[in-house]
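J.: mmCIF, C-alpha atoms, file work-v5.cif:
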data_upload
#
loop_
_atom_site.label_atom_id
_atom_site.label_comp_id
_atom_site.auth_asym_id
_atom_site.auth_seq_id
_atom_site.Cartn_x
_atom_site.Cartn_y
_atom_site.Cartn_z
CA MET A 7 -42.45 47.82 122.46
CA TYR A 8 -40.77 45.54 119.91
CA ALA A 9 -41.60 42.11 118.50
CA ASP A 10 -38.01 40.92 118.04
CA HIS A 11 -38.68 37.41 119.32
CA LEU A 12 -41.37 36.99 116.66
CA VAL A 13 -39.27 38.43 113.81
CA GLN A 14 -36.16 36.44 114.74
CA PRO A 15 -36.83 33.37 112.52
CA TRP A 16 -36.69 35.60 109.43
CA LEU A 17 -33.31 36.98 110.47
CA GLU A 18 -31.98 33.53 111.31
CA ALA A 19 -32.98 32.26 107.86
CA VAL A 20 -30.73 34.86 106.25
CA LEU A 21 -27.85 34.53 108.70
CA ASP A 22 -27.79 30.76 108.20
CA GLY A 23 -26.75 31.38 104.61
CA LEU A 24 -23.75 33.55 105.52
CA PRO A 25 -20.17 32.52 106.38
CA SER A 26 -20.22 34.77 109.47
CA ARG A 27 -23.03 36.00 111.72
CA ASP A 28 -21.15 38.96 113.25
CA ILE A 29 -23.49 41.97 113.48
CA PHE A 30 -22.17 45.45 114.26
CA ASP A 31 -24.90 48.09 114.27
CA ALA A 32 -23.52 51.49 113.26
CA HIS A 33 -26.32 53.64 114.70
CA THR A 34 -28.07 53.32 118.08
CA HIS A 35 -29.02 55.75 120.83
CA ILE A 36 -29.70 56.08 124.51
CA GLY A 37 -31.45 59.06 126.10
CA GLN A 38 -34.62 60.33 127.75
CA HIS A 39 -35.19 63.90 126.57
CA ASP A 40 -35.54 63.82 122.79
CA PRO A 41 -38.32 66.20 121.63
CA SER A 42 -39.73 63.41 119.44
CA GLY A 43 -40.90 61.64 122.60
CA PHE A 44 -38.82 58.55 121.79
CA THR A 45 -36.60 57.26 124.58
CA ALA A 46 -34.00 54.53 124.82
CA GLN A 47 -32.80 52.89 128.02
CA LEU A 48 -29.36 51.28 128.23
CA ASP A 49 -30.78 47.95 129.38
CA GLU A 50 -33.16 47.90 126.40
CA LEU A 51 -30.26 48.47 124.01
CA VAL A 52 -28.04 45.83 125.62
CA ASP A 53 -30.87 43.30 125.65
CA ALA A 54 -31.67 44.02 122.00
CA LEU A 55 -28.04 43.44 121.05
CA ALA A 56 -27.77 40.29 123.16
CA ALA A 57 -30.75 38.83 121.31
CA VAL A 58 -28.60 38.61 118.16
CA ASP A 59 -25.15 38.51 119.82
CA ALA A 60 -24.38 41.88 118.22
CA ARG A 61 -22.28 44.97 118.89
CA ALA A 62 -23.28 48.59 118.25
CA ALA A 63 -22.10 52.18 118.21
CA VAL A 64 -24.10 54.20 120.73
CA PHE A 65 -24.54 57.95 120.99
CA PRO A 66 -27.09 60.26 122.64
CA LEU A 67 -30.55 61.15 121.49
CA ALA A 68 -31.21 64.88 121.40
CA GLU A 69 -30.64 66.82 124.62
CA PRO A 70 -32.23 70.17 123.81
CA ASP A 71 -31.57 71.85 127.16
CA ASP A 72 -28.31 70.59 128.62
CA GLY A 73 -25.92 69.92 125.72
CA TYR A 74 -24.09 66.63 125.28
CA ARG A 75 -21.28 66.53 127.82
CA GLU A 76 -23.20 64.44 130.35
CA ALA A 77 -25.04 62.46 127.67
CA ASN A 78 -21.73 61.59 126.02
CA ARG A 79 -20.33 60.59 129.39
CA ALA A 80 -23.29 58.23 129.85
CA CYS A 81 -22.49 56.59 126.52
CA LEU A 82 -18.82 56.25 127.45
CA GLU A 83 -19.79 54.64 130.76
CA ALA A 84 -22.18 52.31 128.97
CA ALA A 85 -19.43 51.19 126.60
CA SER A 86 -17.07 50.67 129.51
CA GLU A 87 -19.66 48.55 131.33
CA HIS A 88 -20.52 46.53 128.20
CA PRO A 89 -17.33 46.33 126.11
CA ASP A 90 -18.56 43.18 124.36
CA ARG A 91 -21.65 45.05 123.09
CA LEU A 92 -20.99 48.78 122.79
CA VAL A 93 -18.57 51.36 121.47
CA ALA A 94 -19.28 55.00 122.26
CA PHE A 95 -19.46 57.82 119.73
CA LEU A 96 -19.42 61.47 120.83
CA ARG A 97 -22.36 63.60 119.75
CA LEU A 98 -20.90 67.02 119.01
CA THR A 99 -21.86 70.51 117.88
CA PRO A 100 -19.74 73.43 116.65
CA ASN A 101 -19.82 74.81 120.20
CA ASP A 102 -17.78 71.90 121.58
CA PRO A 103 -14.13 72.93 122.01
CA ARG A 104 -11.17 70.78 121.09
CA ALA A 105 -10.61 69.82 124.72
CA VAL A 106 -14.07 68.21 124.94
CA VAL A 107 -13.41 66.12 121.83
CA GLU A 108 -9.97 65.04 122.98
CA GLU A 109 -11.25 64.23 126.46
CA GLY A 110 -13.99 62.00 125.06
CA LEU A 111 -11.63 60.17 122.72
CA ALA A 112 -9.13 59.66 125.53
CA ALA A 113 -11.98 58.13 127.57
CA GLY A 114 -12.60 55.53 124.86
CA ALA A 115 -14.90 57.04 122.20
CA ARG A 116 -14.33 55.43 118.78
CA GLY A 117 -16.13 57.91 116.53
CA LEU A 118 -18.20 61.08 116.27
CA LYS A 119 -21.83 61.99 115.52
CA LEU A 120 -23.18 65.23 114.00
CA HIS A 121 -26.93 65.86 113.87
CA LEU A 122 -27.37 68.87 111.63
CA SER A 123 -31.12 69.45 111.79
CA SER A 124 -31.74 68.67 115.47
CA ASP A 125 -28.76 70.72 116.67
CA GLU A 126 -29.17 73.40 113.98
CA PHE A 127 -25.85 73.72 112.18
CA ASP A 128 -24.34 72.93 108.79
CA LEU A 129 -21.44 70.69 107.81
CA ASP A 130 -19.44 73.72 106.66
CA ASP A 131 -19.76 75.51 110.00
CA PRO A 132 -16.29 76.92 110.87
CA GLY A 133 -16.76 75.61 114.41
CA LEU A 134 -16.37 72.05 113.11
CA GLU A 135 -12.85 72.55 111.72
CA HIS A 136 -11.07 71.17 114.79
CA ILE A 137 -13.48 68.21 114.87
CA TYR A 138 -12.67 67.31 111.26
CA GLU A 139 -8.96 67.78 111.91
CA ILE A 140 -9.02 65.36 114.84
CA ALA A 141 -11.11 62.84 112.89
CA HIS A 142 -8.68 63.11 109.97
CA ASP A 143 -5.61 62.64 112.17
CA GLN A 144 -7.11 59.60 113.95
CA ARG A 145 -8.99 58.10 110.95
CA LEU A 146 -12.29 58.26 112.82
CA PRO A 147 -15.77 57.56 111.49
CA VAL A 148 -18.03 60.63 111.60
CA ILE A 149 -21.76 59.83 111.34
CA VAL A 150 -23.85 62.65 109.89
CA HIS A 151 -27.64 62.76 110.10
CA ALA A 152 -29.11 62.98 106.58
CA GLY A 153 -32.80 62.48 107.30
CA PRO A 154 -35.81 63.76 105.38
CA GLU A 155 -36.54 66.83 107.50
CA GLY A 156 -33.23 68.46 106.57
CA GLY A 157 -31.94 70.06 103.41
CA SER A 158 -29.25 68.76 101.08
CA VAL A 159 -25.95 67.85 102.73
CA GLY A 160 -24.29 66.12 99.80
CA HIS A 161 -22.14 68.93 98.41
CA GLN A 162 -20.89 69.86 101.88
CA ALA A 163 -20.20 66.18 102.62
CA LEU A 164 -18.10 65.82 99.47
CA ALA A 165 -16.15 68.94 100.37
CA VAL A 166 -15.42 67.59 103.87
CA CYS A 167 -14.32 64.22 102.46
CA ARG A 168 -11.97 65.85 99.97
CA ARG A 169 -10.42 68.25 102.44
CA TRP A 170 -10.00 65.62 105.18
CA PRO A 171 -9.34 62.37 103.29
CA ARG A 172 -8.46 60.22 106.31
CA LEU A 173 -11.72 60.72 108.19
CA ARG A 174 -14.59 58.36 107.25
CA LEU A 175 -17.82 60.28 106.70
CA VAL A 176 -20.97 58.19 107.13
CA LEU A 177 -24.20 59.70 105.80
CA ALA A 178 -27.02 58.19 107.86
CA HIS A 179 -30.49 57.17 106.67
CA CYS A 180 -29.31 56.05 103.22
CA ALA A 181 -28.35 59.68 102.51
CA LEU A 182 -31.94 60.06 101.38
CA THR A 183 -31.60 63.83 101.01
CA ASP A 184 -29.04 63.40 98.22
CA ILE A 185 -28.86 59.79 96.99
CA GLY A 186 -30.46 60.75 93.66
CA TRP A 187 -27.16 62.27 92.51
CA LEU A 188 -24.59 61.60 95.21
CA TRP A 189 -24.07 57.94 94.27
CA ARG A 190 -22.31 59.09 91.10
CA HIS A 191 -19.48 60.53 93.21
CA VAL A 192 -18.83 57.51 95.42
CA ASP A 193 -16.00 56.02 93.37
CA GLU A 194 -14.04 59.28 93.46
CA THR A 195 -14.64 59.73 97.21
CA PRO A 196 -13.16 56.69 98.98
CA ASN A 197 -13.90 57.96 102.50
CA LEU A 198 -17.66 58.39 101.96
CA PHE A 199 -20.00 55.77 103.50
CA PHE A 200 -23.74 55.33 104.02
CA ASP A 201 -25.80 53.68 106.75
CA THR A 202 -29.05 51.77 106.24
CA ALA A 203 -31.17 53.34 109.00
CA TRP A 204 -34.40 53.78 107.08
CA TRP A 205 -37.64 51.82 106.98
CA THR A 206 -38.61 51.38 103.32
CA PRO A 207 -37.07 48.51 101.35
CA ALA A 208 -37.04 50.70 98.23
CA GLN A 209 -34.52 53.04 99.87
CA LEU A 210 -32.30 50.13 100.93
CA LEU A 211 -32.50 48.44 97.54
CA ALA A 212 -31.63 51.69 95.78
CA LEU A 213 -28.58 52.04 98.00
CA PHE A 214 -27.44 48.47 97.29
CA ARG A 215 -28.02 48.84 93.54
CA LEU A 216 -26.20 52.19 93.25
CA VAL A 217 -23.40 52.10 95.85
CA PRO A 218 -20.59 49.54 96.25
CA PRO A 219 -21.30 47.22 99.20
CA GLY A 220 -18.10 48.18 100.99
CA ARG A 221 -19.54 51.66 101.54
CA ILE A 222 -22.80 50.49 103.15
CA LEU A 223 -23.13 49.98 106.91
CA ASN A 224 -25.96 48.19 108.71
CA ALA A 225 -27.74 50.54 111.12
CA SER A 226 -30.96 50.27 113.13
CA ASP A 227 -31.39 53.76 114.64
CA LEU A 228 -32.69 52.26 117.90
CA PRO A 229 -35.19 53.25 119.40
CA TYR A 230 -36.82 53.72 115.97
CA SER A 231 -36.02 50.11 115.10
CA THR A 232 -33.90 47.33 116.63
CA PRO A 233 -30.66 45.62 115.64
CA LEU A 234 -32.57 42.38 115.03
CA SER A 235 -35.39 43.85 112.96
CA HIS A 236 -33.24 46.14 110.88
CA THR A 237 -30.43 43.67 110.30
CA MET A 238 -33.11 41.37 108.90
CA SER A 239 -34.28 44.15 106.56
CA THR A 240 -30.75 45.15 105.55
CA ALA A 241 -29.59 41.58 104.91
CA ARG A 242 -32.72 40.61 102.96
CA CYS A 243 -32.50 43.71 100.78
CA ALA A 244 -28.80 43.06 100.17
CA TRP A 245 -29.60 39.49 99.14
CA GLN A 246 -32.41 40.64 96.84
CA ALA A 247 -30.17 43.30 95.30
CA GLY A 248 -27.66 40.65 94.25
CA LEU A 249 -24.90 40.84 96.86
CA ASP A 250 -23.05 37.61 97.59
CA PRO A 251 -22.75 36.19 101.13
CA ASP A 252 -19.27 37.61 101.77
CA GLN A 253 -20.43 41.07 100.76
CA ILE A 254 -23.45 40.82 103.05
CA VAL A 255 -21.17 39.87 105.95
CA GLY A 256 -19.24 43.07 105.28
CA VAL A 257 -22.42 45.13 105.27
CA ILE A 258 -23.98 43.75 108.46
CA GLY A 259 -20.87 44.34 110.52
CA GLY A 260 -17.51 43.46 109.03
CA GLN A 261 -16.79 46.84 107.48
CA PHE A 262 -17.95 48.91 110.43
CA ALA A 263 -15.76 46.82 112.75
CA ARG A 264 -12.79 47.99 110.68
CA LEU A 265 -13.86 51.63 110.74
CA VAL A 266 -14.10 51.79 114.54
CA GLU A 267 -10.58 50.32 114.73
CA SER A 268 -9.31 52.98 112.28
CA ALA A 269 -8.27 50.18 109.92
CA GLU A 270 -8.31 50.35 106.13
CA PRO A 271 -11.78 49.60 104.78
CA LEU A 272 -12.35 46.40 102.83
CA ASP A 273 -12.92 46.55 99.09
CA LEU A 274 -16.07 44.45 98.68
CA GLY A 275 -16.46 44.94 94.95
CA SER A 276 -18.91 46.86 92.82
CA ALA A 277 -22.64 47.39 93.13
CA PRO A 278 -24.53 44.43 91.59
CA ALA A 279 -25.71 44.52 88.00
CA GLY A 280 -29.28 43.46 88.73
CA GLU A 281 -31.62 42.05 91.35
CA ALA A 282 -31.32 38.37 92.15
CA ARG A 283 -34.99 37.66 91.43
CA PRO A 284 -37.65 39.74 89.65
CA LEU A 285 -40.49 41.17 91.67
CA SER A 286 -43.86 39.82 90.58
CA PRO A 287 -46.95 42.06 90.28
CA LEU A 288 -48.62 40.44 93.29
CA LEU A 289 -45.59 40.88 95.54
CA GLU A 290 -45.42 44.51 94.50
CA VAL A 291 -49.08 44.95 95.43
CA ILE A 292 -48.52 43.33 98.81
CA SER A 293 -45.34 45.22 99.69
CA THR A 294 -46.60 48.61 98.53
CA ASN A 295 -49.86 48.36 100.46
CA LEU A 296 -48.14 47.14 103.59
CA LEU A 297 -45.86 50.17 103.45
CA THR A 298 -48.87 52.50 103.34
CA SER A 299 -50.15 50.76 106.47
CA LEU A 300 -46.74 50.95 108.09
CA GLU A 301 -46.62 54.71 107.65
CA ALA A 302 -49.93 54.95 109.51
CA LEU A 303 -48.70 52.62 112.27
CA GLN A 304 -45.62 54.80 112.73
CA ARG A 305 -47.93 57.76 113.35
CA GLY A 306 -49.69 55.67 116.00
CA ASP A 307 -52.81 55.16 113.89
CA GLU A 308 -54.71 52.07 112.76
CA PRO A 309 -53.10 50.38 109.71
CA GLY A 310 -56.01 51.31 107.45
CA VAL A 311 -57.14 49.85 104.16
CA GLY A 312 -53.62 49.06 102.94
CA LEU A 313 -53.41 46.08 105.26
CA ASP A 314 -56.74 44.78 103.93
CA VAL A 315 -55.60 45.14 100.32
CA ALA A 316 -52.35 43.30 101.09
CA ARG A 317 -54.23 40.46 102.77
CA HIS A 318 -56.54 40.09 99.77
CA ALA A 319 -53.50 39.82 97.50
CA CYS A 320 -52.13 37.01 99.69
CA ARG A 321 -54.93 34.70 98.51
CA VAL A 322 -53.05 32.78 95.83
CA PRO A 323 -53.16 29.12 94.73
CA HIS A 324 -50.50 26.73 96.00
CA ASP A 325 -48.88 26.51 92.57
CA ASP A 326 -48.27 30.28 92.35
CA PRO A 327 -44.52 30.92 91.78
CA ASP A 328 -44.47 33.18 94.84
CA ALA A 329 -46.68 31.03 97.07
CA GLU A 330 -43.90 30.34 99.57
CA VAL A 331 -42.98 34.02 99.92
CA ILE A 332 -46.62 35.04 100.23
CA ALA A 333 -47.24 32.37 102.88
CA SER A 334 -44.34 33.84 104.86
CA VAL A 335 -45.83 37.33 104.56
CA LYS A 336 -49.20 36.01 105.72
CA ARG A 337 -47.55 34.34 108.71
CA LEU A 338 -46.11 37.70 109.81
CA LEU A 339 -49.47 39.41 109.40
CA ASP A 340 -51.11 36.68 111.47
CA LEU A 341 -48.50 37.29 114.17
CA TYR A 342 -49.39 40.98 114.06
CA ASP A 343 -53.06 40.20 114.59
CA GLU A 344 -52.28 37.78 117.40
CA HIS A 345 -49.62 39.68 119.33
CA GLY A 346 -49.89 43.36 118.35
CA PRO A 347 -52.59 44.21 120.92
CA ARG A 348 -50.52 42.70 123.75
CA ILE A 349 -47.18 44.38 123.04
CA PRO A 350 -46.53 47.29 125.45
CA ARG A 351 -46.56 50.76 123.90
CA ARG A 352 -43.57 52.98 124.69
CA ASN A 353 -43.56 55.61 121.97
CA GLN A 354 -45.51 56.99 119.04
CA PHE A 355 -45.28 53.79 116.98
CA ARG A 356 -48.27 51.47 117.29
CA PRO A 357 -47.30 48.10 118.85
CA GLY A 358 -46.71 45.41 116.24
CA TRP A 359 -45.54 47.88 113.59
CA ASP A 360 -42.29 45.91 113.22
CA LEU A 361 -44.21 42.77 112.22
CA VAL A 362 -45.91 44.69 109.41
CA ALA A 363 -42.54 46.20 108.47
CA ALA A 364 -41.02 42.73 108.30
CA ALA A 365 -43.89 41.51 106.13
CA ALA A 366 -43.38 44.41 103.70
CA VAL A 367 -39.67 43.62 103.47
CA VAL A 368 -40.25 39.89 102.94
CA ALA A 369 -42.71 40.65 100.13
CA ARG A 370 -40.15 42.93 98.43
CA THR A 371 -37.23 40.49 98.76
CA PRO A 372 -38.32 37.14 97.26
CA ALA A 373 -34.73 36.08 96.56
CA ALA A 374 -33.74 35.98 100.23
CA PRO A 375 -34.06 32.79 102.31
CA LEU A 376 -37.17 32.13 104.37
CA PRO A 377 -37.60 30.27 107.66
CA ALA A 378 -38.53 26.63 107.19
CA ASP A 379 -41.83 26.97 109.06
CA GLY A 380 -43.08 30.11 107.37
#
Turn this file's structure into structure tokens for me.
T.:
Amino acid sequence: MYADHLVQPWLEAVLDGLPSRDIFDAHTHIGQHDPSGFTAQLDELVDALAAVDARAAVFPLAEPDDGYREANRACLEAASEHPDRLVAFLRLTPNDPRAVVEEGLAAGARGLKLHLSSDEFDLDDPGLEHIYEIAHDQRLPVIVHAGPEGGSVGHQALAVCRRWPRLRLVLAHCALTDIGWLWRHVDETPNLFFDTAWWTPAQLLALFRLVPPGRILNASDLPYSTPLSHTMSTARCAWQAGLDPDQIVGVIGGQFARLVESAEPLDLGSAPAGEARPLSPLLEVISTNLLTSLEALQRGDEPGVGLDVARHACRVPHDDPDAEVIASVKRLLDLYDEHGPRIPRRNQFRPGWDLVAAAAVVARTPAAPLPADG
């Protein structure tokens, strides 16, 4: 299903340049009934975290028929069985009474999750008042889905943050519904955070260029990606954007570790003034075309002509300024050709998609370190 063992050298190259390798993924799931057809088994999640010695917040995928009481209980049991890997978040709706929230927190939950589009409610639903009050009183992180299929959530998010200043509101998926304007309000809203659970490097780089690093949390959205693959993408984009190693450590796990302990967040400084290395025309061609192929792979289709165009652009002389980066991209594409057909298929995504995703990220982040052998 995933090619983590093949992508790992590119993550290791970045982690080797950091003062700490502690990864804490802010966004993973388990569950079997999501209408998307994606599933996530507990053993898959634990194994994926063990591969990078990481921790993660876990909460349920959608449960369209039965609600979340049992699904939340499964996450709490998972965290109890794997305390070195998992902390449980409660997935809630406005229909969940105060007693359900308090019961889950007493059982060990360390935060809350609201999925507006899947569970069909808004952030200003009166049924959420007791949830916000509890999160405020206990300084809990509240992760809010802000994916592309939904409408704007930014104004409602700001209102929640202002009314309940001790809760920590995390807009998932780079807040892509509202980032075009919402970033201007970050400084005046100290309890507003963003997670990196999205697949295009442009979205991650925009977040790192517009939002202070202390407000950005590494997140994979497993089963849609993995902690290894997406930490690689997040860390490389942070490096390219101009963050320093200590700031990247905060992004990949240090800050989220504080939020789940209800501690004061770290001030990691301002958003960087400019990218660490310019993007050349050829790298832009390669990355852009790989992303068109990746979109097809995520639909389950063949990669199409974009992959061919990217490969053509990889034919550069050895003295090209980007020859080392392009050789690394080509190595990932060769791994896709070699291993993609043999990777088991578990969901809509075509096997090997994560190798093409990694290649697109490497092409877009020439400033970040590369593995010694490719």
J.: So which residues are close to (-23.8, 72.0, 117.5), meaning at most 12 Å away in the file's coordinates with only C-alpha atoms counted, and can you show them as a VMD selection string?
T.: chain A and resid 68 to 70 73 to 75 96 to 103 119 to 134 137
J.: Could you list the residues chosen by the PyMOL selection byres ((chain A and resi 67) around 8) in this structure as a ChimeraX atom specification?
T.: /A:35-40,45,65-66,68-69
J.: With C-alpha atoms retained, write the just-selected residues as a compact mmCIF listing (two decimals), in the coordinates of the input.
T.:
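Final file, part22.txt:
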# COMPACT_ATOMS: atom_id res chain seq x y z
CA HIS A 35 -29.02 55.75 120.83
CA ILE A 36 -29.70 56.08 124.51
CA GLY A 37 -31.45 59.06 126.10
CA GLN A 38 -34.62 60.33 127.75
CA HIS A 39 -35.19 63.90 126.57
CA ASP A 40 -35.54 63.82 122.79
CA THR A 45 -36.60 57.26 124.58
CA PHE A 65 -24.54 57.95 120.99
CA PRO A 66 -27.09 60.26 122.64
CA ALA A 68 -31.21 64.88 121.40
CA GLU A 69 -30.64 66.82 124.62
J.: Where does the PyMOL selection byres ((chain A and resi 188-203) around 6) land in this file, that is, which residues does it pick, as a PyMOL selection string?
T.: chain A and resi 174-180+184-185+187+204+221-227
J.: Return as an mmCIF file with C-alpha atoms, in the coordinates of the input the set of residues that the PyMOL selection byres ((chain A and resi 374) around 7) yields on the displayed structure.
T.:
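That gives us part_23.cif:
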data_model
loop_
_atom_site.group_PDB
_atom_site.id
_atom_site.type_symbol
_atom_site.label_atom_id
_atom_site.label_comp_id
_atom_site.auth_asym_id
_atom_site.auth_seq_id
_atom_site.Cartn_x
_atom_site.Cartn_y
_atom_site.Cartn_z
ATOM 1 C CA VAL A 20 -30.730 34.860 106.250
ATOM 2 C CA ARG A 242 -32.720 40.610 102.960
ATOM 3 C CA TRP A 245 -29.600 39.490 99.140
ATOM 4 C CA GLN A 246 -32.410 40.640 96.840
ATOM 5 C CA THR A 371 -37.230 40.490 98.760
ATOM 6 C CA PRO A 372 -38.320 37.140 97.260
ATOM 7 C CA ALA A 373 -34.730 36.080 96.560
ATOM 8 C CA PRO A 375 -34.060 32.790 102.310
ATOM 9 C CA LEU A 376 -37.170 32.130 104.370
#
J.: Could you state the separation of atom CA of Leu296 of chain A and atom CA of Thr232 of chain A in Å, given to one decimal place?
T.: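 Atom-to-atom, atom CA of Leu296 of chain A and atom CA of Thr232 of chain A are spaced 19.3 Å apart.
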J.: Could you please determine the separation between atom CA of Ser293 of chain A and atom CA of Gln253 of chain A in Å, to one decimal place?
T.: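 Separation of atom CA of Ser293 of chain A and atom CA of Gln253 of chain A: 25.3 Å.
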J.: With only C-alpha atoms as the atoms that count, which of A:Ser158, A:Gln144, A:Gln304, A:Ser86 lies nearest to Glu267 of chain A?
T.: A:Gln144
J.: Between atom CA of Leu361 of chain A and atom CA of Val291 of chain A, what is the spacing in Å?
T.: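 Between atom CA of Val291 of chain A and atom CA of Leu361 of chain A the gap works out to 17.6 Å.
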J.: I need the residue nearest Thr237 of chain A from this list: A:Ile258, A:Leu51, A:Val150, A:Leu111. Use only C-alpha atoms for the distance.
T.: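 Looking at the shortest contact to Thr237 of chain A, the residue is A:Ile258.
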J.: Given the block above, output segment 263-281 of chain A with N, CA and C atoms as a PDB file, in the first residue's frame.
T.:
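Below is the file result31.pdb, written as the result:
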ATOM      1  N   ALA A 263       3.640  18.263  20.696  1.00  0.00           N
ATOM      2  CA  ALA A 263       3.844  17.595  21.987  1.00  0.00           C
ATOM      3  C   ALA A 263       3.431  18.509  23.138  1.00  0.00           C
ATOM      4  N   ARG A 264       3.665  19.796  23.002  1.00  0.00           N
ATOM      5  CA  ARG A 264       3.260  20.740  24.042  1.00  0.00           C
ATOM      6  C   ARG A 264       1.734  20.906  24.063  1.00  0.00           C
ATOM      7  N   LEU A 265       1.119  20.953  22.893  1.00  0.00           N
ATOM      8  CA  LEU A 265      -0.329  21.149  22.858  1.00  0.00           C
ATOM      9  C   LEU A 265      -1.071  19.992  23.511  1.00  0.00           C
ATOM     10  N   VAL A 266      -0.641  18.760  23.277  1.00  0.00           N
ATOM     11  CA  VAL A 266      -1.357  17.625  23.872  1.00  0.00           C
ATOM     12  C   VAL A 266      -1.130  17.536  25.372  1.00  0.00           C
ATOM     13  N   GLU A 267      -0.115  18.232  25.882  1.00  0.00           N
ATOM     14  CA  GLU A 267       0.112  18.299  27.330  1.00  0.00           C
ATOM     15  C   GLU A 267      -0.517  19.544  27.937  1.00  0.00           C
ATOM     16  N   SER A 268      -1.248  20.315  27.131  1.00  0.00           N
ATOM     17  CA  SER A 268      -1.885  21.565  27.571  1.00  0.00           C
ATOM     18  C   SER A 268      -0.869  22.578  28.081  1.00  0.00           C
ATOM     19  N   ALA A 269       0.357  22.498  27.555  1.00  0.00           N
ATOM     20  CA  ALA A 269       1.409  23.441  27.923  1.00  0.00           C
ATOM     21  C   ALA A 269       1.340  24.678  27.033  1.00  0.00           C
ATOM     22  N   GLU A 270       2.057  25.730  27.450  1.00  0.00           N
ATOM     23  CA  GLU A 270       2.108  26.932  26.629  1.00  0.00           C
ATOM     24  C   GLU A 270       2.869  26.643  25.333  1.00  0.00           C
ATOM     25  N   PRO A 271       2.350  27.077  24.211  1.00  0.00           N
ATOM     26  CA  PRO A 271       3.070  26.844  22.947  1.00  0.00           C
ATOM     27  C   PRO A 271       4.395  27.598  22.911  1.00  0.00           C
ATOM     28  N   LEU A 272       5.335  27.052  22.163  1.00  0.00           N
ATOM     29  CA  LEU A 272       6.616  27.713  21.941  1.00  0.00           C
ATOM     30  C   LEU A 272       6.457  28.850  20.944  1.00  0.00           C
ATOM     31  N   ASP A 273       7.194  29.932  21.160  1.00  0.00           N
ATOM     32  CA  ASP A 273       7.316  30.988  20.158  1.00  0.00           C
ATOM     33  C   ASP A 273       8.531  30.642  19.304  1.00  0.00           C
ATOM     34  N   LEU A 274       8.290  30.266  18.063  1.00  0.00           N
ATOM     35  CA  LEU A 274       9.367  29.834  17.173  1.00  0.00           C
ATOM     36  C   LEU A 274       9.740  30.909  16.149  1.00  0.00           C
ATOM     37  N   GLY A 275       9.348  32.141  16.424  1.00  0.00           N
ATOM     38  CA  GLY A 275       9.745  33.227  15.544  1.00  0.00           C
ATOM     39  C   GLY A 275       8.752  33.482  14.426  1.00  0.00           C
ATOM     40  N   SER A 276       9.171  34.342  13.508  1.00  0.00           N
ATOM     41  CA  SER A 276       8.308  34.796  12.426  1.00  0.00           C
ATOM     42  C   SER A 276       8.454  33.904  11.191  1.00  0.00           C
ATOM     43  N   ALA A 277       7.510  34.050  10.286  1.00  0.00           N
ATOM     44  CA  ALA A 277       7.629  33.380   8.990  1.00  0.00           C
ATOM     45  C   ALA A 277       8.860  33.907   8.269  1.00  0.00           C
ATOM     46  N   PRO A 278       9.561  33.083   7.509  1.00  0.00           N
ATOM     47  CA  PRO A 278      10.811  33.498   6.861  1.00  0.00           C
ATOM     48  C   PRO A 278      10.569  34.547   5.777  1.00  0.00           C
ATOM     49  N   ALA A 279      11.615  35.315   5.520  1.00  0.00           N
ATOM     50  CA  ALA A 279      11.515  36.404   4.551  1.00  0.00           C
ATOM     51  C   ALA A 279      11.553  35.926   3.110  1.00  0.00           C
ATOM     52  N   GLY A 280      12.191  34.800   2.860  1.00  0.00           N
ATOM     53  CA  GLY A 280      12.301  34.309   1.488  1.00  0.00           C
ATOM     54  C   GLY A 280      12.788  32.880   1.463  1.00  0.00           C
ATOM     55  N   GLU A 281      12.587  32.201   0.336  1.00  0.00           N
ATOM     56  CA  GLU A 281      13.007  30.807   0.230  1.00  0.00           C
ATOM     57  C   GLU A 281      14.529  30.689   0.282  1.00  0.00           C
TER      58      GLU A 281
END
